[in-house]
file upload15.pdb (PDB, C-alpha atoms)
MODEL        1
ATOM      1  CA  MET V  12       9.799 -16.841  -8.897
ATOM      2  CA  PRO V  13      10.164 -15.166  -5.482
ATOM      3  CA  LEU V  14      13.515 -13.949  -4.294
ATOM      4  CA  ALA V  15      15.362 -16.452  -2.145
ATOM      5  CA  HIS V  16      16.943 -14.119   0.412
ATOM      6  CA  THR V  17      17.734 -15.698   3.765
ATOM      7  CA  SER V  18      19.975 -13.042   5.290
ATOM      8  CA  LEU V  19      18.443 -10.430   7.566
ATOM      9  CA  SER V  20      21.151  -7.935   6.623
ATOM     10  CA  ARG V  21      20.363  -4.602   5.050
ATOM     11  CA  PRO V  22      19.104  -4.980   1.469
ATOM     12  CA  GLY V  23      21.074  -3.111  -1.128
ATOM     13  CA  PRO V  24      20.930  -1.177  -3.223
ATOM     14  CA  HIS V  25      18.028  -0.094  -1.068
ATOM     15  CA  PRO V  26      14.604  -1.058  -2.434
ATOM     16  CA  ALA V  27      11.666   1.045  -1.294
ATOM     17  CA  ALA V  28      10.683  -1.751   1.106
ATOM     18  CA  ALA V  29      11.884  -5.258   1.792
ATOM     19  CA  ALA V  30      11.045  -8.357   3.781
ATOM     20  CA  ARG V  31      13.746 -10.729   4.950
ATOM     21  CA  ALA V  32      12.656 -14.167   6.235
ATOM     22  CA  LEU V  33       9.542 -12.447   7.607
ATOM     23  CA  THR V  34       7.468 -14.702   9.845
ATOM     24  CA  LYS V  35       4.269 -13.888  11.722
ATOM     25  CA  ASP V  36       2.614 -16.331  14.117
ATOM     26  CA  HIS V  37      -0.698 -15.927  15.911
ATOM     27  CA  ASP V  38      -1.870 -17.751  19.006
ATOM     28  CA  ILE V  39      -5.482 -18.774  18.401
ATOM     29  CA  GLY V  40      -7.093 -20.781  21.153
ATOM     30  CA  GLY V  41      -3.755 -22.066  22.332
ATOM     31  CA  HIS V  42      -2.711 -23.143  18.845
ATOM     32  CA  ARG V  43      -0.009 -21.465  16.819
ATOM     33  CA  VAL V  44      -1.154 -20.316  13.382
ATOM     34  CA  THR V  45       1.490 -19.086  10.947
ATOM     35  CA  ALA V  46       0.259 -16.170   8.844
ATOM     36  CA  LEU V  47       3.649 -15.525   7.188
ATOM     37  CA  ASP V  48       6.291 -18.214   6.740
ATOM     38  CA  ARG V  49       9.807 -16.797   6.141
ATOM     39  CA  VAL V  50       8.744 -14.433   3.360
ATOM     40  CA  SER V  51      11.491 -12.526   1.530
ATOM     41  CA  LEU V  52      10.591  -9.851  -0.976
ATOM     42  CA  ASP V  53      11.878  -6.599  -2.495
ATOM     43  CA  ILE V  54       9.526  -3.751  -3.401
ATOM     44  CA  HIS V  55      11.115  -1.774  -6.231
ATOM     45  CA  ARG V  56      11.190   2.019  -6.166
ATOM     46  CA  GLY V  57       8.902   3.819  -8.568
ATOM     47  CA  HIS V  58       6.881   0.670  -9.251
ATOM     48  CA  PHE V  59       3.301  -0.423  -8.602
ATOM     49  CA  THR V  60       3.217  -3.818  -6.854
ATOM     50  CA  ALA V  61       0.014  -5.771  -6.176
ATOM     51  CA  ILE V  62      -0.228  -8.520  -3.558
ATOM     52  CA  MET V  63      -2.847 -11.230  -4.111
ATOM     53  CA  GLY V  64      -3.877 -14.556  -2.660
ATOM     54  CA  PRO V  65      -6.827 -16.453  -1.228
ATOM     55  CA  SER V  66      -8.451 -15.418   2.024
ATOM     56  CA  GLY V  67      -6.065 -16.210   4.859
ATOM     57  CA  SER V  68      -3.022 -16.365   2.598
ATOM     58  CA  GLY V  69      -1.209 -13.664   4.577
ATOM     59  CA  LYS V  70      -1.381 -10.797   2.072
ATOM     60  CA  SER V  71      -2.745  -8.187   4.491
ATOM     61  CA  THR V  72      -0.395  -9.399   7.232
ATOM     62  CA  LEU V  73       2.556  -8.972   4.859
ATOM     63  CA  MET V  74       1.492  -5.441   3.983
ATOM     64  CA  HIS V  75       0.959  -4.512   7.629
ATOM     65  CA  CYS V  76       4.415  -5.801   8.590
ATOM     66  CA  LEU V  77       6.082  -4.013   5.656
ATOM     67  CA  ALA V  78       4.297  -0.798   6.632
ATOM     68  CA  GLY V  79       5.207  -1.007  10.307
ATOM     69  CA  LEU V  80       1.584  -1.462  11.373
ATOM     70  CA  ASP V  81       2.301  -4.920  12.794
ATOM     71  CA  SER V  82       5.413  -6.576  14.213
ATOM     72  CA  PRO V  83       6.716  -9.877  12.827
ATOM     73  CA  SER V  84       7.447 -12.819  15.079
ATOM     74  CA  SER V  85      10.864 -13.123  13.429
ATOM     75  CA  GLY V  86      12.718 -11.824  10.415
ATOM     76  CA  ALA V  87      12.956  -8.197   9.357
ATOM     77  CA  ALA V  88      10.990  -5.552   7.469
ATOM     78  CA  TRP V  89      12.755  -2.580   5.902
ATOM     79  CA  ILE V  90      11.761   0.802   4.554
ATOM     80  CA  GLY V  91      14.726   1.950   2.504
ATOM     81  CA  GLU V  92      17.793   1.617   4.709
ATOM     82  CA  VAL V  93      15.830   1.396   7.977
ATOM     83  CA  ASN V  94      15.044  -1.894   9.697
ATOM     84  CA  LEU V  95      11.561  -1.341  11.141
ATOM     85  CA  THR V  96      11.868  -4.296  13.487
ATOM     86  CA  GLU V  97      14.710  -2.565  15.342
ATOM     87  CA  LEU V  98      12.951   0.780  15.850
ATOM     88  CA  PRO V  99      11.499   1.792  19.228
ATOM     89  CA  ASP V 100       7.811   2.683  19.189
ATOM     90  CA  ARG V 101       8.252   6.453  18.934
ATOM     91  CA  LYS V 102      10.686   6.262  16.020
ATOM     92  CA  LEU V 103       8.413   3.761  14.295
ATOM     93  CA  THR V 104       5.502   6.192  14.678
ATOM     94  CA  LEU V 105       7.604   8.972  13.164
ATOM     95  CA  MET V 106       8.649   6.677  10.318
ATOM     96  CA  ARG V 107       5.027   5.913   9.468
ATOM     97  CA  ARG V 108       4.140   9.593   9.660
ATOM     98  CA  ASP V 109       7.041  10.993   7.669
ATOM     99  CA  ARG V 110       7.994   8.350   5.111
ATOM    100  CA  ILE V 111       4.936   6.144   4.542
ATOM    101  CA  GLY V 112       1.511   6.895   3.076
ATOM    102  CA  PHE V 113      -1.646   4.847   3.609
ATOM    103  CA  ILE V 114      -4.847   4.391   1.605
ATOM    104  CA  PHE V 115      -7.538   2.242   3.190
ATOM    105  CA  GLN V 116     -10.724   0.665   1.880
ATOM    106  CA  ALA V 117     -12.807   2.665   4.362
ATOM    107  CA  PHE V 118     -11.256   6.056   3.370
ATOM    108  CA  HIS V 119     -10.822   7.169   7.030
ATOM    109  CA  LEU V 120     -11.881  10.760   6.339
ATOM    110  CA  LEU V 121     -13.246  13.011   9.083
ATOM    111  CA  PRO V 122     -16.798  14.039   8.073
ATOM    112  CA  THR V 123     -16.695  17.384   9.899
ATOM    113  CA  LEU V 124     -13.569  18.586   8.092
ATOM    114  CA  THR V 125     -13.377  19.953   4.574
ATOM    115  CA  VAL V 126     -11.581  18.125   1.800
ATOM    116  CA  LEU V 127      -8.621  20.474   2.166
ATOM    117  CA  GLU V 128      -8.514  19.968   5.934
ATOM    118  CA  ASN V 129      -8.654  16.181   5.525
ATOM    119  CA  ILE V 130      -5.827  16.247   2.996
ATOM    120  CA  THR V 131      -3.560  18.406   5.154
ATOM    121  CA  LEU V 132      -4.515  16.934   8.559
ATOM    122  CA  PRO V 133      -1.539  14.534   8.955
ATOM    123  CA  MET V 134       0.918  17.330   8.198
ATOM    124  CA  ALA V 135      -0.919  19.680  10.554
ATOM    125  CA  LEU V 136      -0.733  17.108  13.349
ATOM    126  CA  ALA V 137       3.003  16.840  12.680
ATOM    127  CA  GLY V 138       3.374  20.619  12.930
ATOM    128  CA  LYS V 139       4.283  20.924   9.252
ATOM    129  CA  ARG V 140       3.030  23.234   6.530
ATOM    130  CA  PRO V 141       2.365  21.686   3.122
ATOM    131  CA  ASP V 142       4.264  22.843   0.078
ATOM    132  CA  GLN V 143       1.607  24.929  -1.661
ATOM    133  CA  GLN V 144       2.893  24.199  -5.155
ATOM    134  CA  TRP V 145       2.837  20.451  -4.467
ATOM    135  CA  LEU V 146      -0.610  20.720  -2.839
ATOM    136  CA  THR V 147      -1.909  22.434  -5.972
ATOM    137  CA  GLU V 148      -0.308  19.836  -8.234
ATOM    138  CA  VAL V 149      -1.692  16.900  -6.273
ATOM    139  CA  THR V 150      -5.236  18.245  -5.949
ATOM    140  CA  THR V 151      -5.286  19.300  -9.597
ATOM    141  CA  THR V 152      -3.978  15.914 -10.772
ATOM    142  CA  LEU V 153      -6.639  14.173  -8.678
ATOM    143  CA  GLY V 154      -9.430  16.462  -9.876
ATOM    144  CA  LEU V 155     -10.165  17.953  -6.458
ATOM    145  CA  ARG V 156      -9.522  21.650  -7.028
ATOM    146  CA  ASP V 157     -13.255  22.478  -7.069
ATOM    147  CA  ARG V 158     -14.019  20.221  -4.101
ATOM    148  CA  LEU V 159     -11.630  21.569  -1.467
ATOM    149  CA  ALA V 160     -14.371  23.346   0.524
ATOM    150  CA  HIS V 161     -16.718  20.353   0.448
ATOM    151  CA  ARG V 162     -17.038  17.813   3.239
ATOM    152  CA  PRO V 163     -16.831  14.033   2.735
ATOM    153  CA  PRO V 164     -20.603  13.395   3.007
ATOM    154  CA  GLN V 165     -21.038  15.710   0.007
ATOM    155  CA  LEU V 166     -18.756  13.557  -2.154
ATOM    156  CA  SER V 167     -19.193  10.287  -4.019
ATOM    157  CA  GLY V 168     -17.241   7.220  -2.940
ATOM    158  CA  GLY V 169     -14.775   7.704  -5.770
ATOM    159  CA  GLN V 170     -14.229  11.341  -4.814
ATOM    160  CA  GLN V 171     -13.683  10.379  -1.177
ATOM    161  CA  GLN V 172     -11.053   7.851  -2.199
ATOM    162  CA  ARG V 173      -9.367  10.538  -4.312
ATOM    163  CA  VAL V 174      -9.186  12.661  -1.157
ATOM    164  CA  ALA V 175      -7.554   9.722   0.642
ATOM    165  CA  CYS V 176      -5.065   9.410  -2.240
ATOM    166  CA  ALA V 177      -4.261  13.123  -2.050
ATOM    167  CA  ARG V 178      -3.719  12.874   1.705
ATOM    168  CA  ALA V 179      -1.300   9.980   1.172
ATOM    169  CA  LEU V 180       0.607  11.810  -1.576
ATOM    170  CA  LEU V 181       0.856  15.227   0.057
ATOM    171  CA  ASN V 182       3.744  14.384   2.353
ATOM    172  CA  GLN V 183       5.650  12.915  -0.627
ATOM    173  CA  PRO V 184       6.212   9.592   1.167
ATOM    174  CA  GLU V 185       8.776   7.084  -0.010
ATOM    175  CA  ILE V 186       6.071   4.456  -0.367
ATOM    176  CA  ILE V 187       2.281   4.196  -0.233
ATOM    177  CA  PHE V 188       0.481   1.101   1.029
ATOM    178  CA  ALA V 189      -3.087   0.653  -0.254
ATOM    179  CA  ASP V 190      -5.324  -1.953   1.388
ATOM    180  CA  GLU V 191      -8.180  -2.918  -0.987
ATOM    181  CA  PRO V 192      -8.519   0.737  -2.088
ATOM    182  CA  THR V 193     -11.344  -0.059  -4.539
ATOM    183  CA  GLY V 194     -13.191  -2.498  -2.273
ATOM    184  CA  ASN V 195     -16.008  -0.093  -1.369
ATOM    185  CA  LEU V 196     -16.348   1.470  -4.825
ATOM    186  CA  ASP V 197     -18.463   0.677  -7.865
ATOM    187  CA  SER V 198     -16.624  -0.411 -11.003
ATOM    188  CA  ARG V 199     -16.478   3.067 -12.519
ATOM    189  CA  ALA V 200     -15.176   4.763  -9.379
ATOM    190  CA  GLY V 201     -12.770   1.889  -8.774
ATOM    191  CA  ALA V 202     -11.333   2.234 -12.272
ATOM    192  CA  GLU V 203     -10.880   5.962 -11.676
ATOM    193  CA  VAL V 204      -8.925   5.405  -8.460
ATOM    194  CA  LEU V 205      -6.731   2.756 -10.088
ATOM    195  CA  ARG V 206      -5.958   5.119 -12.951
ATOM    196  CA  LEU V 207      -4.941   7.777 -10.436
ATOM    197  CA  LEU V 208      -2.669   5.336  -8.637
ATOM    198  CA  GLN V 209      -1.044   4.411 -11.941
ATOM    199  CA  GLU V 210      -0.529   8.088 -12.757
ATOM    200  CA  SER V 211       1.072   8.730  -9.375
ATOM    201  CA  VAL V 212       3.628   6.022 -10.214
ATOM    202  CA  ARG V 213       4.253   7.018 -13.822
ATOM    203  CA  GLN V 214       4.085  10.795 -13.501
ATOM    204  CA  LEU V 215       5.160  11.396  -9.906
ATOM    205  CA  GLY V 216       7.572   8.478  -9.426
ATOM    206  CA  GLN V 217       5.623   7.152  -6.438
ATOM    207  CA  THR V 218       6.070   3.602  -5.108
ATOM    208  CA  ILE V 219       2.807   1.787  -4.354
ATOM    209  CA  VAL V 220       2.028  -1.568  -2.747
ATOM    210  CA  MET V 221      -1.607  -2.624  -3.068
ATOM    211  CA  VAL V 222      -3.396  -5.588  -1.516
ATOM    212  CA  THR V 223      -6.342  -6.639  -3.656
ATOM    213  CA  HIS V 224      -8.545  -9.615  -4.465
ATOM    214  CA  ASP V 225      -9.598  -8.153  -7.834
ATOM    215  CA  PRO V 226      -7.762  -9.374 -10.977
ATOM    216  CA  VAL V 227      -8.720  -6.202 -12.850
ATOM    217  CA  ALA V 228      -7.225  -4.037 -10.106
ATOM    218  CA  ALA V 229      -4.095  -6.199  -9.994
ATOM    219  CA  SER V 230      -3.664  -5.847 -13.755
ATOM    220  CA  CYS V 231      -3.047  -2.129 -13.241
ATOM    221  CA  ALA V 232       0.169  -2.930 -11.357
ATOM    222  CA  ASP V 233       3.633  -3.466 -12.817
ATOM    223  CA  ARG V 234       3.989  -6.693 -10.883
ATOM    224  CA  VAL V 235       1.727  -9.077  -8.983
ATOM    225  CA  VAL V 236       3.039 -11.171  -6.085
ATOM    226  CA  PHE V 237       0.938 -14.213  -5.128
ATOM    227  CA  LEU V 238       0.768 -15.639  -1.615
ATOM    228  CA  ALA V 239      -0.654 -18.935  -0.399
ATOM    229  CA  ASP V 240      -0.427 -20.343   3.127
ATOM    230  CA  GLY V 241       1.852 -17.499   4.190
ATOM    231  CA  ARG V 242       4.417 -18.036   1.436
ATOM    232  CA  ILE V 243       5.172 -16.386  -1.899
ATOM    233  CA  VAL V 244       4.293 -18.938  -4.564
ATOM    234  CA  ASP V 245       4.534 -16.951  -7.793
ATOM    235  CA  GLU V 246       4.677 -13.530  -9.394
ATOM    236  CA  LEU V 247       3.716 -11.938 -12.700
ATOM    237  CA  GLN V 248       5.419  -9.039 -14.441
ATOM    238  CA  GLN V 249       3.311  -6.672 -16.560
ATOM    239  CA  PRO V 250       0.135  -8.620 -15.719
ATOM    240  CA  THR V 251      -3.159  -8.678 -17.562
ATOM    241  CA  ALA V 252      -6.502  -9.371 -15.913
ATOM    242  CA  ASP V 253      -6.781 -12.694 -17.787
ATOM    243  CA  ARG V 254      -3.324 -13.870 -16.701
ATOM    244  CA  VAL V 255      -4.047 -12.905 -13.082
ATOM    245  CA  LEU V 256      -7.422 -14.661 -13.184
ATOM    246  CA  ASP V 257      -5.852 -17.803 -14.654
ATOM    247  CA  ARG V 258      -3.287 -17.811 -11.844
ATOM    248  CA  MET V 259      -5.937 -17.281  -9.191
ATOM    249  CA  ARG V 260      -7.979 -20.197 -10.576
ATOM    250  CA  LEU V 261      -5.136 -22.507  -9.583
ATOM    251  CA  PHE V 262      -5.838 -21.657  -5.952
ATOM    252  CA  ASP V 263      -9.424 -22.840  -6.428
ATOM    253  CA  VAL V 264      -8.304 -26.071  -8.115
ATOM    254  CA  THR V 265      -5.454 -27.058  -5.816
ATOM    255  CA  GLY V 266      -6.487 -25.313  -2.617
ATOM    256  CA  ASN V 267      -3.051 -23.866  -2.041
ATOM    257  CA  ALA V 268      -1.446 -23.503  -5.503
TER     258      ALA V 268
ENDMDL
END
call {"tool": "encode", "arguments": {"input": "upload15.pdb", "output": "structure tokens"}}
result
Amino acid sequence: MPLAHTSLSRPGPHPAAAARALTKDHDIGGHRVTALDRVSLDIHRGHFTAIMGPSGSGKSTLMHCLAGLDSPSSGAAWIGEVNLTELPDRKLTLMRRDRIGFIFQAFHLLPTLTVLENITLPMALAGKRPDQQWLTEVTTTLGLRDRLAHRPPQLSGGQQQRVACARALLNQPEIIFADEPTGNLDSRAGAEVLRLLQESVRQLGQTIVMVTHDPVAASCADRVVFLADGRIVDELQQPTADRVLDRMRLFDVTGNA
């Protein structure tokens, strides 16, 4: 069952990320719609966590608040020991740049740059030089060593997503947030990307939070957190695709689990 934290105080010992009574309201046509309803959650370091739920359940909103891409209406979101909701805009931007990695469904690669330039672009914009040994390890692990001079249009969808993974890993962030990272891929390419995400957790000690609607993708995680109507309603440890699918079927039967 979900954690029952109500305090907004600093979580400890520090998880990789945490939500404390996180609430997000939207004003739609003069009506208040609650996307997140006092959600409290710890994201464990060195683990792969999947977030699932029906459309409109709040899963993407939760990820965006945890990643500092959106501001909650109330409550707090933490990365390590830092309360994101208390940071001014510039420090929040630096936090996202220096300590958080992102992988998106649409890849967000620049077509005029080479694979190597796309991978190193965030560090270049920050005025940093990548660690060459780490760059070699990441690109070798992701099978990109012979693609560094290519440009994104010359790559398959799976290869482009591997480039996005390498870009997220290069800065050695504390945590990576992946928003439907296999959504635009065929089953084979999607399986390849999921395997790479698993390897980054198991071999590199990375922490990953992934929003997905796919039970097979979720089964690659160490833990699946289920949302419905903006609240955490359940979680599975060491999930299988069948167990995830069975849990998701309850949403179809009851409407809100």
call {"tool": "resolve_selection", "arguments": {"input": "upload15.pdb", "expression": "the PyMOL selection byres ((chain V and resi 121) around 12)", "output": "NGL selection string"}}
result
:V and (117-120 or 122-133 or 161-164 or 171 or 174-175)
call {"tool": "residues_around", "arguments": {"input": "upload15.pdb", "residues": "range 78-83 of chain V", "least_positions_apart": "2", "cutoff": "8 Å", "atoms": "only C-alpha atoms", "output": "ChimeraX atom specification"}}
result
/V:33-36,72,74-76,85-88,90,95-96,103,107,111,188
call {"tool": "write_last_selection", "arguments": {"input": "upload15.pdb", "atoms": "C-alpha atoms", "output": "short mmCIF file (atom, residue, chain, number, x, y, z; two decimals), keeping the file's coordinate frame"}}
result
data_model
loop_
_atom_site.label_atom_id
_atom_site.label_comp_id
_atom_site.auth_asym_id
_atom_site.auth_seq_id
_atom_site.Cartn_x
_atom_site.Cartn_y
_atom_site.Cartn_z
CA LEU V 33 9.54 -12.45 7.61
CA THR V 34 7.47 -14.70 9.85
CA LYS V 35 4.27 -13.89 11.72
CA ASP V 36 2.61 -16.33 14.12
CA THR V 72 -0.40 -9.40 7.23
CA MET V 74 1.49 -5.44 3.98
CA HIS V 75 0.96 -4.51 7.63
CA CYS V 76 4.42 -5.80 8.59
CA SER V 85 10.86 -13.12 13.43
CA GLY V 86 12.72 -11.82 10.42
CA ALA V 87 12.96 -8.20 9.36
CA ALA V 88 10.99 -5.55 7.47
CA ILE V 90 11.76 0.80 4.55
CA LEU V 95 11.56 -1.34 11.14
CA THR V 96 11.87 -4.30 13.49
CA LEU V 103 8.41 3.76 14.30
CA ARG V 107 5.03 5.91 9.47
CA ILE V 111 4.94 6.14 4.54
CA PHE V 188 0.48 1.10 1.03
#
call {"tool": "atom_distance", "arguments": {"input": "upload15.pdb", "atom1": "CA of Leu77 in chain V", "atom2": "CA of Arg31 in chain V"}}
result
10.2 Å
call {"tool": "resolve_selection", "arguments": {"input": "upload15.pdb", "expression": "the PyMOL selection byres ((chain V and resi 223) around 9)", "output": "list in words"}}
result
Ala61, Ile62, Met63, Gly64, Lys70, Ala189, Asp190, Glu191, Pro192, Thr193, Gly194, Met221, Val222, His224, Asp225, Pro226, Ala228 and Ala229 of chain V
call {"tool": "residues_around", "arguments": {"input": "upload15.pdb", "residues": "Ile243 in chain V", "least_positions_apart": "2", "cutoff": "10 Å", "atoms": "all atoms listed in the file", "output": "ChimeraX atom specification"}}
result
/V:12-14,47-52,62-64,68-70,236-241,245-246
call {"tool": "resolve_selection", "arguments": {"input": "upload15.pdb", "expression": "the PyMOL selection byres ((chain V and resi 182) around 9)", "output": "PyMOL selection string"}}
result
chain V and resi 108-112+131+133-134+141-142+178-181+183-184
call {"tool": "atom_distance", "arguments": {"input": "upload15.pdb", "atom1": "CA of Val220 in chain V", "atom2": "CA of Gly138 in chain V"}}
result
27.2 Å
call {"tool": "axis_aligned_box", "arguments": {"input": "upload15.pdb", "around": "range 223-240 of chain V", "padding_each_side": "8 Å", "output": "AutoDock Vina command-line options"}}
result
--center_x -2.8 --center_y -11.2 --center_z -5.3 --size_x 29.6 --size_y 34.2 --size_z 32.9
call {"tool": "closest_residue", "arguments": {"input": "upload15.pdb", "among": "V:His25, V:Gly40, V:Ser211, V:Phe113", "to": "Thr150 in chain V", "atoms": "all atoms listed in the file"}}
result
V:Ser211
call {"tool": "atom_distance", "arguments": {"input": "upload15.pdb", "atom1": "CA of Leu215 in chain V", "atom2": "CA of Gly154 in chain V"}}
result
15.4 Å
call {"tool": "closest_residue", "arguments": {"input": "upload15.pdb", "among": "V:Thr60, V:Asp100, V:Leu166, V:Arg242", "to": "Ala32 in chain V", "atoms": "all atoms listed in the file"}}
result
V:Arg242
